[in-house]
file protein34.csv (CSV, C-alpha atoms and all ligand atoms)
chain,number,residue,atom,x,y,z
M,1,MET,CA,-25.6,24.9,105.2
M,2,ASN,CA,-24.4,22.1,107.4
M,3,ASP,CA,-24.1,22.7,111.1
M,4,VAL,CA,-20.4,22.8,111.6
M,5,THR,CA,-20.4,23.7,115.3
M,6,ASP,CA,-18.1,21.5,117.2
M,7,PRO,CA,-18.4,21.9,121.0
M,8,GLY,CA,-15.0,20.4,121.5
M,9,ILE,CA,-13.2,22.9,119.3
M,10,ALA,CA,-15.2,25.8,120.6
M,11,ALA,CA,-14.4,24.8,124.2
M,12,ALA,CA,-10.7,24.3,123.4
M,13,ARG,CA,-10.6,27.8,121.9
M,14,SER,CA,-12.4,29.4,124.8
M,15,ASP,CA,-9.9,27.7,127.2
M,16,VAL,CA,-6.9,28.9,125.2
M,17,LEU,CA,-8.3,32.5,125.1
M,18,ALA,CA,-9.0,32.4,128.8
M,19,ARG,CA,-5.4,31.3,129.5
M,20,ILE,CA,-4.0,34.0,127.3
M,21,ALA,CA,-6.1,36.6,129.1
M,22,ALA,CA,-5.0,35.3,132.5
M,23,ALA,CA,-1.3,35.4,131.5
M,24,ALA,CA,-1.7,38.9,130.0
M,25,ASN,CA,-3.5,40.1,133.1
M,26,SER,CA,-0.8,38.7,135.5
M,27,ALA,CA,1.8,40.4,133.4
M,28,GLY,CA,-0.1,43.7,133.5
M,29,ARG,CA,-0.8,43.6,129.8
M,30,ASP,CA,-4.1,44.1,127.9
M,31,PRO,CA,-5.4,40.6,126.8
M,32,ALA,CA,-6.4,42.3,123.5
M,33,SER,CA,-2.7,42.9,122.8
M,34,VAL,CA,-2.2,39.2,122.2
M,35,ALA,CA,-3.5,37.6,118.9
M,36,LEU,CA,-4.3,33.9,118.8
M,37,VAL,CA,-3.0,32.3,115.6
M,38,ALA,CA,-4.7,29.0,115.1
M,39,VAL,CA,-2.2,26.6,113.4
M,40,SER,CA,-4.3,24.7,111.0
M,41,LYS,CA,-1.5,22.6,109.2
M,42,THR,CA,-2.5,19.0,108.5
M,43,GLN,CA,-6.0,19.5,110.1
M,44,PRO,CA,-9.0,18.0,108.2
M,45,ASP,CA,-11.7,20.1,106.7
M,46,ASP,CA,-14.3,19.5,109.4
M,47,ARG,CA,-12.0,20.9,112.1
M,48,ILE,CA,-11.2,23.9,109.9
M,49,GLU,CA,-14.9,24.6,109.4
M,50,ALA,CA,-15.6,24.1,113.1
M,51,MET,CA,-12.8,26.6,114.0
M,52,LEU,CA,-14.1,29.2,111.5
M,53,ALA,CA,-17.6,28.7,113.1
M,54,THR,CA,-16.2,29.8,116.5
M,55,GLY,CA,-15.3,33.2,114.9
M,56,GLN,CA,-11.5,32.5,114.8
M,57,ARG,CA,-10.1,34.4,111.8
M,58,VAL,CA,-6.3,34.2,112.1
M,59,PHE,CA,-4.6,31.0,110.9
M,60,GLY,CA,-1.0,29.8,110.6
M,61,GLU,CA,0.3,27.3,108.1
M,62,ASN,CA,3.8,26.0,107.5
M,63,ARG,CA,3.7,24.9,103.9
M,64,VAL,CA,2.7,27.0,100.9
M,65,GLN,CA,1.1,24.3,98.8
M,66,GLU,CA,-0.8,22.7,101.6
M,67,ALA,CA,-2.1,26.2,102.6
M,68,GLU,CA,-3.2,26.9,99.0
M,69,ALA,CA,-5.2,23.7,99.0
M,70,ARG,CA,-6.8,24.5,102.3
M,71,TRP,CA,-7.5,28.3,101.9
M,72,GLU,CA,-7.6,29.4,98.3
M,73,MET,CA,-11.3,28.8,97.8
M,74,ARG,CA,-12.3,29.2,101.5
M,75,ARG,CA,-10.8,32.6,102.0
M,76,ALA,CA,-13.1,34.2,99.4
M,77,GLY,CA,-16.0,33.7,102.0
M,78,PHE,CA,-14.2,35.7,104.7
M,79,SER,CA,-13.1,39.2,104.2
M,80,ASP,CA,-11.5,39.4,107.6
M,81,LEU,CA,-9.4,36.2,107.3
M,82,GLU,CA,-5.7,36.6,108.1
M,83,LEU,CA,-3.3,33.8,106.9
M,84,ARG,CA,0.2,33.6,108.3
M,85,LEU,CA,3.1,31.6,106.9
M,86,ILE,CA,5.0,30.2,109.9
M,87,GLY,CA,7.2,27.6,108.2
M,88,PRO,CA,10.4,27.9,106.1
M,89,LEU,CA,9.9,29.5,102.6
M,90,GLN,CA,11.9,28.6,99.6
M,91,SER,CA,12.7,31.5,97.3
M,92,ASN,CA,11.1,29.7,94.3
M,93,LYS,CA,7.8,29.7,96.2
M,94,ALA,CA,7.8,33.4,96.9
M,95,ARG,CA,5.3,34.2,94.2
M,96,GLU,CA,2.7,31.8,95.6
M,97,ALA,CA,3.4,32.9,99.2
M,98,VAL,CA,2.9,36.5,98.4
M,99,ALA,CA,-0.4,35.8,96.6
M,100,LEU,CA,-1.8,33.8,99.5
M,101,PHE,CA,-0.4,35.0,102.8
M,102,ASP,CA,-1.1,38.3,104.7
M,103,VAL,CA,1.9,37.8,106.9
M,104,ILE,CA,5.1,35.9,106.3
M,105,GLU,CA,6.9,35.2,109.6
M,106,THR,CA,10.0,33.3,108.4
M,107,LEU,CA,12.1,35.9,106.6
M,108,ASP,CA,15.7,34.9,107.3
M,109,ARG,CA,17.9,35.3,104.1
M,110,ALA,CA,18.8,38.0,101.7
M,111,LYS,CA,17.9,35.7,98.7
M,112,LEU,CA,14.4,35.2,100.1
M,113,ALA,CA,14.1,38.9,100.7
M,114,GLY,CA,15.0,39.6,97.0
M,115,ALA,CA,12.4,37.0,95.8
M,116,LEU,CA,9.7,38.5,98.1
M,117,ALA,CA,10.5,42.0,97.0
M,118,ASP,CA,10.2,41.0,93.3
M,119,ALA,CA,7.0,39.0,93.9
M,120,SER,CA,5.4,41.8,95.9
M,121,ALA,CA,6.2,44.4,93.2
M,122,LYS,CA,4.7,42.2,90.5
M,123,ALA,CA,1.6,41.2,92.5
M,124,GLY,CA,1.0,44.8,93.8
M,125,ARG,CA,0.5,43.1,97.2
M,126,ALA,CA,3.0,43.0,100.1
M,127,PRO,CA,2.6,40.7,103.0
M,128,ARG,CA,3.6,42.0,106.4
M,129,LEU,CA,7.0,40.5,107.4
M,130,TYR,CA,8.6,39.0,110.5
M,131,VAL,CA,12.2,38.0,110.8
M,132,GLN,CA,12.7,34.6,112.2
M,133,VAL,CA,15.5,34.4,114.8
M,134,ASN,CA,17.2,31.0,115.6
M,135,THR,CA,17.5,31.9,119.3
M,136,GLY,CA,18.9,28.4,120.2
M,137,GLU,CA,21.4,28.5,117.3
M,138,GLU,CA,20.3,25.0,116.2
M,139,ASP,CA,21.8,23.8,113.0
M,140,GLN,CA,18.6,22.2,111.8
M,141,LYS,CA,16.4,25.2,112.4
M,142,ALA,CA,15.8,28.2,110.1
M,143,GLY,CA,16.3,31.8,111.2
M,144,VAL,CA,19.1,34.3,111.5
M,145,ALA,CA,21.5,33.8,114.4
M,146,PRO,CA,20.9,36.2,117.4
M,147,GLN,CA,24.2,38.0,116.9
M,148,GLU,CA,23.4,38.6,113.2
M,149,ALA,CA,19.9,39.8,113.8
M,150,ASP,CA,20.5,43.6,114.1
M,151,ALA,CA,22.5,43.7,110.9
M,152,PHE,CA,20.0,41.6,109.1
M,153,ILE,CA,17.0,43.8,110.1
M,154,ALA,CA,18.9,46.9,109.1
M,155,ALA,CA,19.7,45.4,105.7
M,156,MET,CA,16.1,44.4,105.2
M,157,ARG,CA,15.0,48.0,105.8
M,158,ARG,CA,17.8,49.7,103.9
M,159,GLU,CA,18.1,47.4,100.8
M,160,TYR,CA,14.5,46.3,100.3
M,161,GLY,CA,12.6,49.1,102.0
M,162,PHE,CA,10.8,46.4,104.1
M,163,ALA,CA,8.8,47.7,107.1
M,164,ILE,CA,9.6,44.7,109.3
M,165,GLU,CA,6.7,44.2,111.6
M,166,GLY,CA,8.3,42.0,114.3
M,167,LEU,CA,10.3,38.9,115.2
M,168,MET,CA,9.5,35.2,115.4
M,169,CYS,CA,11.2,32.3,117.2
M,170,ILE,CA,10.8,28.6,117.9
M,171,PRO,CA,12.9,27.7,121.0
M,172,PRO,CA,14.7,24.4,121.2
M,173,ALA,CA,12.2,21.7,122.2
M,174,GLU,CA,14.4,20.4,125.1
M,175,GLU,CA,15.1,23.7,126.8
M,176,PRO,CA,13.1,26.0,129.0
M,177,PRO,CA,11.6,28.5,126.6
M,178,GLY,CA,11.8,31.6,128.9
M,179,PRO,CA,15.3,32.7,128.1
M,180,HIS,CA,14.6,32.3,124.4
M,181,PHE,CA,11.5,34.5,124.6
M,182,ALA,CA,13.4,37.0,126.6
M,183,LEU,CA,16.2,37.1,124.0
M,184,LEU,CA,13.7,37.6,121.2
M,185,ALA,CA,12.1,40.5,123.1
M,186,LYS,CA,15.5,42.1,123.7
M,187,ILE,CA,16.5,42.0,120.1
M,188,ALA,CA,13.1,43.4,119.1
M,189,ALA,CA,13.3,46.3,121.6
M,190,ARG,CA,16.7,47.4,120.5
M,191,ASN,CA,15.6,47.4,116.8
M,192,GLY,CA,12.4,49.3,117.5
M,193,LEU,CA,10.1,46.3,116.7
M,194,ALA,CA,6.8,46.0,118.6
M,195,LYS,CA,5.6,42.6,117.6
M,196,LEU,CA,6.7,39.2,118.9
M,197,SER,CA,5.4,35.9,117.5
M,198,MET,CA,6.4,33.3,120.1
M,199,GLY,CA,4.8,30.5,122.1
M,200,MET,CA,3.1,27.3,120.9
M,201,SER,CA,0.7,24.8,122.6
M,202,ALA,CA,3.2,23.8,125.3
M,203,ASP,CA,4.4,27.3,126.3
M,204,TYR,CA,2.1,30.1,125.0
M,205,GLU,CA,1.3,31.3,128.5
M,206,ILE,CA,5.0,31.7,129.3
M,207,ALA,CA,5.4,33.5,126.0
M,208,VAL,CA,2.7,36.0,126.9
M,209,LEU,CA,4.5,36.7,130.2
M,210,PHE,CA,7.6,37.5,128.1
M,211,GLY,CA,5.7,39.9,125.8
M,212,ALA,CA,4.3,37.8,122.9
M,213,THR,CA,1.9,39.8,120.8
M,214,SER,CA,0.9,36.6,118.9
M,215,VAL,CA,0.9,33.0,119.9
M,216,ARG,CA,0.9,30.1,117.4
M,217,VAL,CA,-1.3,27.3,118.8
M,218,GLY,CA,-2.1,24.1,117.0
M,219,SER,CA,-2.8,20.9,119.0
M,220,ALA,CA,-4.2,22.7,122.1
M,221,LEU,CA,-6.9,24.1,119.8
M,222,PHE,CA,-7.6,21.3,117.3
M,223,GLY,CA,-6.4,18.2,119.1
M,224,ALA,CA,-3.6,16.1,117.8
M,225,ARG,CA,-2.5,16.6,114.1
M,226,MET,CA,-3.7,14.0,111.6
G,301,LIG,C1,3.2,23.4,114.1
G,301,LIG,C2,3.7,24.7,114.6
G,301,LIG,C3,3.1,25.4,115.7
G,301,LIG,C4,2.0,24.8,116.5
G,301,LIG,O1,2.4,23.7,117.3
G,301,LIG,P1,1.5,23.1,118.5
G,301,LIG,O2,2.6,22.6,119.4
G,301,LIG,O3,0.6,22.1,117.9
G,301,LIG,O4,0.8,24.3,119.1
G,301,LIG,C5,3.6,26.7,116.0
G,301,LIG,N1,4.6,27.2,115.3
G,301,LIG,C6,5.2,26.6,114.3
G,301,LIG,C7,6.3,27.3,113.6
G,301,LIG,C8,4.8,25.4,113.9
G,301,LIG,O5,5.4,24.8,112.8

call {"tool": "encode", "arguments": {"input": "protein34.csv", "output": "structure tokens", "more": "lines below"}}
Ligand SMILES: *Cc1c(COP(=O)(O)O)cnc(C)c1O
result
Amino acid sequence: MNDVTDPGIAAARSDVLARIAAAANSAGRDPASVALVAVSKTQPDDRIEAMLATGQRVFGENRVQEAEARWEMRRAGFSDLELRLIGPLQSNKAREAVALFDVIETLDRAKLAGALADASAKAGRAPRLYVQVNTGEEDQKAGVAPQEADAFIAAMRREYGFAIEGLMCIPPAEEPPGPHFALLAKIAARNGLAKLSMGMSADYEIAVLFGATSVRVGSALFGARM
């Protein structure tokens, strides 16, 4: 086997994990309660191999076909790999998404819920589900509006029997993220949801202070995207 160890990538991961732990400790939280999701979209094979060599096992991808190409063969070698879809999902890709992903974080429409329920029943495999909330109510961004979130979560449970695991958000790029993270945490708490996917390279430490249970980090781990 080739030596795929990359000191740069290993050091970057150690640094991110240390920052997560420091933020968790300062918030009085157990660092082990925050999962690091390595966002591997667009990264070349050598960086993926180097990241796997560090022991990292949870990865995030935002496109189904790109993720299939990157992970379909590779995942056979790792029984403990966890793949998370963090980008928008079209209903007509539900079958492929259910086959590949362990977690889908971008549930935000009844039509998609129906397609995921059908695909899960056929595949005999049900990914864990997060509801995406468009906390900034941005037109171009996916997710349910904050004021519709309670009804949407209730409908997912009632009509599809989904055990929603948590909520996910992507705050507006030009605003301080704290209020968006706080809003997501509030919506989760009143709906009895324990998991919060929030925080990216620029703001994952803030997200941990606001209760993130998983942070989605790409460029701070891998370097700039290709
Ligand atoms: C690309 C992406 C990330 C990672 O972004 P970085 O700024 O590189 O850490 C996180 N979440 C989502 C939804 C993304 O699409």

call {"tool": "residues_around", "arguments": {"input": "protein34.csv", "residues": "stretch 63-71 of chain M", "least_positions_apart": "5", "cutoff": "9 Å", "atoms": "all atoms listed in the file", "output": "tab-separated table (two decimals) with C-alpha atoms, in the frame of the given file"}}
result
chain	number	residue	atom	x	y	z
M	40	SER	CA	-4.30	24.70	111.00
M	41	LYS	CA	-1.50	22.60	109.20
M	42	THR	CA	-2.50	19.00	108.50
M	45	ASP	CA	-11.70	20.10	106.70
M	48	ILE	CA	-11.20	23.90	109.90
M	76	ALA	CA	-13.10	34.20	99.40
M	83	LEU	CA	-3.30	33.80	106.90
M	85	LEU	CA	3.10	31.60	106.90
M	86	ILE	CA	5.00	30.20	109.90
M	87	GLY	CA	7.20	27.60	108.20
M	88	PRO	CA	10.40	27.90	106.10
M	89	LEU	CA	9.90	29.50	102.60
M	93	LYS	CA	7.80	29.70	96.20
M	96	GLU	CA	2.70	31.80	95.60
M	97	ALA	CA	3.40	32.90	99.20
M	100	LEU	CA	-1.80	33.80	99.50
M	101	PHE	CA	-0.40	35.00	102.80

call {"tool": "closest_residue", "arguments": {"input": "protein34.csv", "among": "M:Ser26, M:Ser33, M:Thr54, M:Gln90", "to": "M:Pro7", "atoms": "all atoms listed in the file"}}
result
M:Thr54

call {"tool": "residues_around", "arguments": {"input": "protein34.csv", "residues": "M:Ala110", "least_positions_apart": "5", "cutoff": "9 Å", "atoms": "all atoms listed in the file", "output": "list in words"}}
result
Ala115, Phe152, Ala155 and Met156 of chain M

call {"tool": "atom_distance", "arguments": {"input": "protein34.csv", "atom1": "atom CA of M:Ala163", "atom2": "atom CA of M:Ala24"}}
result
26.7 Å

call {"tool": "closest_residue", "arguments": {"input": "protein34.csv", "among": "M:Ala32, M:Ile187, M:Ala142, M:Met73", "to": "M:Pro172", "atoms": "only C-alpha atoms"}}
result
M:Ala142

call {"tool": "residues_around", "arguments": {"input": "protein34.csv", "residues": "M:Ser201", "least_positions_apart": "6", "cutoff": "12 Å", "atoms": "all atoms listed in the file", "output": "NGL selection string"}}
result
:M and (12-13 or 15-16 or 19-20 or 36-39 or 170 or 173 or 207 or 215-224)

call {"tool": "atom_distance", "arguments": {"input": "protein34.csv", "atom1": "atom CA of M:Gly8", "atom2": "atom CA of M:Pro44"}}
result
14.8 Å

call {"tool": "closest_residue", "arguments": {"input": "protein34.csv", "among": "M:Arg128, M:Arg190, M:His180, M:Lys122", "to": "M:Glu82", "atoms": "all atoms listed in the file"}}
result
M:Arg128

call {"tool": "closest_residue", "arguments": {"input": "protein34.csv", "among": "M:Met226, M:Ala113, M:Ala149, M:Ala27", "to": "ligand LIG 301 (chain G)", "atoms": "only C-alpha atoms and all ligand atoms"}}
result
M:Met226

call {"tool": "atom_distance", "arguments": {"input": "protein34.csv", "atom1": "atom CA of M:Glu205", "atom2": "atom CA of M:Ala23"}}
result
5.7 Å

call {"tool": "closest_residue", "arguments": {"input": "protein34.csv", "among": "M:Ser214, M:Thr5, M:Gln147, M:Thr106", "to": "M:Arg47", "atoms": "all atoms listed in the file"}}
result
M:Thr5

call {"tool": "closest_residue", "arguments": {"input": "protein34.csv", "among": "M:Arg95, M:Arg84, M:Arg157, M:Lys186", "to": "ligand LIG 301 (chain G)", "atoms": "only C-alpha atoms and all ligand atoms"}}
result
M:Arg84

call {"tool": "residues_around", "arguments": {"input": "protein34.csv", "residues": "M:Ala22", "least_positions_apart": "5", "cutoff": "10 Å", "atoms": "all atoms listed in the file", "output": "ChimeraX atom specification"}}
result
/M:16-17,27-31,205,208-209

call {"tool": "write_last_selection", "arguments": {"input": "protein34.csv", "atoms": "C-alpha atoms", "output": "short mmCIF file (atom, residue, chain, number, x, y, z; two decimals), in the frame of the given file"}}
result
data_model
loop_
_atom_site.label_atom_id
_atom_site.label_comp_id
_atom_site.auth_asym_id
_atom_site.auth_seq_id
_atom_site.Cartn_x
_atom_site.Cartn_y
_atom_site.Cartn_z
CA VAL M 16 -6.90 28.90 125.20
CA LEU M 17 -8.30 32.50 125.10
CA ALA M 27 1.80 40.40 133.40
CA GLY M 28 -0.10 43.70 133.50
CA ARG M 29 -0.80 43.60 129.80
CA ASP M 30 -4.10 44.10 127.90
CA PRO M 31 -5.40 40.60 126.80
CA GLU M 205 1.30 31.30 128.50
CA VAL M 208 2.70 36.00 126.90
CA LEU M 209 4.50 36.70 130.20
#

call {"tool": "residues_around", "arguments": {"input": "protein34.csv", "residues": "M:Leu116", "least_positions_apart": "2", "cutoff": "8 Å", "atoms": "all atoms listed in the file", "output": "mmCIF file with C-alpha atoms, in the frame of the given file"}}
result
data_model
loop_
_atom_site.group_PDB
_atom_site.id
_atom_site.type_symbol
_atom_site.label_atom_id
_atom_site.label_comp_id
_atom_site.auth_asym_id
_atom_site.auth_seq_id
_atom_site.Cartn_x
_atom_site.Cartn_y
_atom_site.Cartn_z
ATOM 1 C CA SER M 91 12.700 31.500 97.300
ATOM 2 C CA ALA M 94 7.800 33.400 96.900
ATOM 3 C CA ARG M 95 5.300 34.200 94.200
ATOM 4 C CA VAL M 98 2.900 36.500 98.400
ATOM 5 C CA LEU M 112 14.400 35.200 100.100
ATOM 6 C CA ALA M 113 14.100 38.900 100.700
ATOM 7 C CA GLY M 114 15.000 39.600 97.000
ATOM 8 C CA ASP M 118 10.200 41.000 93.300
ATOM 9 C CA ALA M 119 7.000 39.000 93.900
ATOM 10 C CA SER M 120 5.400 41.800 95.900
#

call {"tool": "decode", "arguments": {"input": "protein34.csv", "residues": "stretch 113-124 of chain M", "atoms": "all heavy atoms", "output": "short mmCIF file (atom, residue, chain, number, x, y, z; two decimals), in the first residue's frame"}}
result
data_model
loop_
_atom_site.label_atom_id
_atom_site.label_comp_id
_atom_site.auth_asym_id
_atom_site.auth_seq_id
_atom_site.Cartn_x
_atom_site.Cartn_y
_atom_site.Cartn_z
N ALA M 113 -39.92 14.11 1.24
CA ALA M 113 -40.21 13.14 2.31
C ALA M 113 -40.88 11.90 1.72
O ALA M 113 -40.51 10.76 2.06
CB ALA M 113 -41.10 13.77 3.37
N GLY M 114 -41.83 12.11 0.84
CA GLY M 114 -42.52 10.99 0.20
C GLY M 114 -41.56 10.13 -0.60
O GLY M 114 -41.59 8.89 -0.52
N ALA M 115 -40.68 10.79 -1.35
CA ALA M 115 -39.72 10.04 -2.17
C ALA M 115 -38.74 9.27 -1.28
O ALA M 115 -38.37 8.12 -1.58
CB ALA M 115 -38.96 11.02 -3.08
N LEU M 116 -38.32 9.86 -0.16
CA LEU M 116 -37.40 9.17 0.76
C LEU M 116 -38.09 8.00 1.44
O LEU M 116 -37.48 6.94 1.64
CB LEU M 116 -36.86 10.15 1.81
CG LEU M 116 -35.85 11.19 1.29
CD1 LEU M 116 -35.55 12.22 2.37
CD2 LEU M 116 -34.57 10.52 0.81
N ALA M 117 -39.36 8.18 1.80
CA ALA M 117 -40.10 7.08 2.44
C ALA M 117 -40.23 5.91 1.48
O ALA M 117 -39.99 4.75 1.86
CB ALA M 117 -41.48 7.58 2.90
N ASP M 118 -40.59 6.18 0.23
CA ASP M 118 -40.71 5.12 -0.78
C ASP M 118 -39.37 4.42 -0.99
O ASP M 118 -39.28 3.19 -1.02
CB ASP M 118 -41.16 5.70 -2.13
CG ASP M 118 -42.62 6.08 -2.11
OD1 ASP M 118 -43.32 5.73 -1.13
OD2 ASP M 118 -43.06 6.75 -3.08
N ALA M 119 -38.33 5.23 -1.18
CA ALA M 119 -37.00 4.66 -1.46
C ALA M 119 -36.50 3.83 -0.27
O ALA M 119 -35.90 2.77 -0.46
CB ALA M 119 -36.01 5.78 -1.78
N SER M 120 -36.76 4.30 0.95
CA SER M 120 -36.31 3.56 2.14
C SER M 120 -37.05 2.23 2.26
O SER M 120 -36.44 1.20 2.59
CB SER M 120 -36.53 4.40 3.40
OG SER M 120 -35.75 5.56 3.35
N ALA M 121 -38.36 2.26 1.98
CA ALA M 121 -39.14 1.02 2.06
C ALA M 121 -38.63 0.00 1.04
O ALA M 121 -38.44 -1.18 1.36
CB ALA M 121 -40.62 1.31 1.83
N LYS M 122 -38.34 0.46 -0.17
CA LYS M 122 -37.86 -0.45 -1.22
C LYS M 122 -36.47 -0.98 -0.91
O LYS M 122 -36.16 -2.14 -1.16
CB LYS M 122 -37.84 0.28 -2.57
CG LYS M 122 -39.24 0.46 -3.16
CD LYS M 122 -39.18 0.80 -4.65
CE LYS M 122 -40.58 1.12 -5.17
NZ LYS M 122 -40.78 2.57 -5.40
N ALA M 123 -35.62 -0.10 -0.37
CA ALA M 123 -34.22 -0.50 -0.12
C ALA M 123 -34.06 -1.27 1.18
O ALA M 123 -33.03 -1.89 1.41
CB ALA M 123 -33.32 0.74 -0.11
N GLY M 124 -35.06 -1.19 2.07
CA GLY M 124 -34.91 -1.79 3.38
C GLY M 124 -33.79 -1.13 4.18
O GLY M 124 -33.09 -1.77 4.96
#
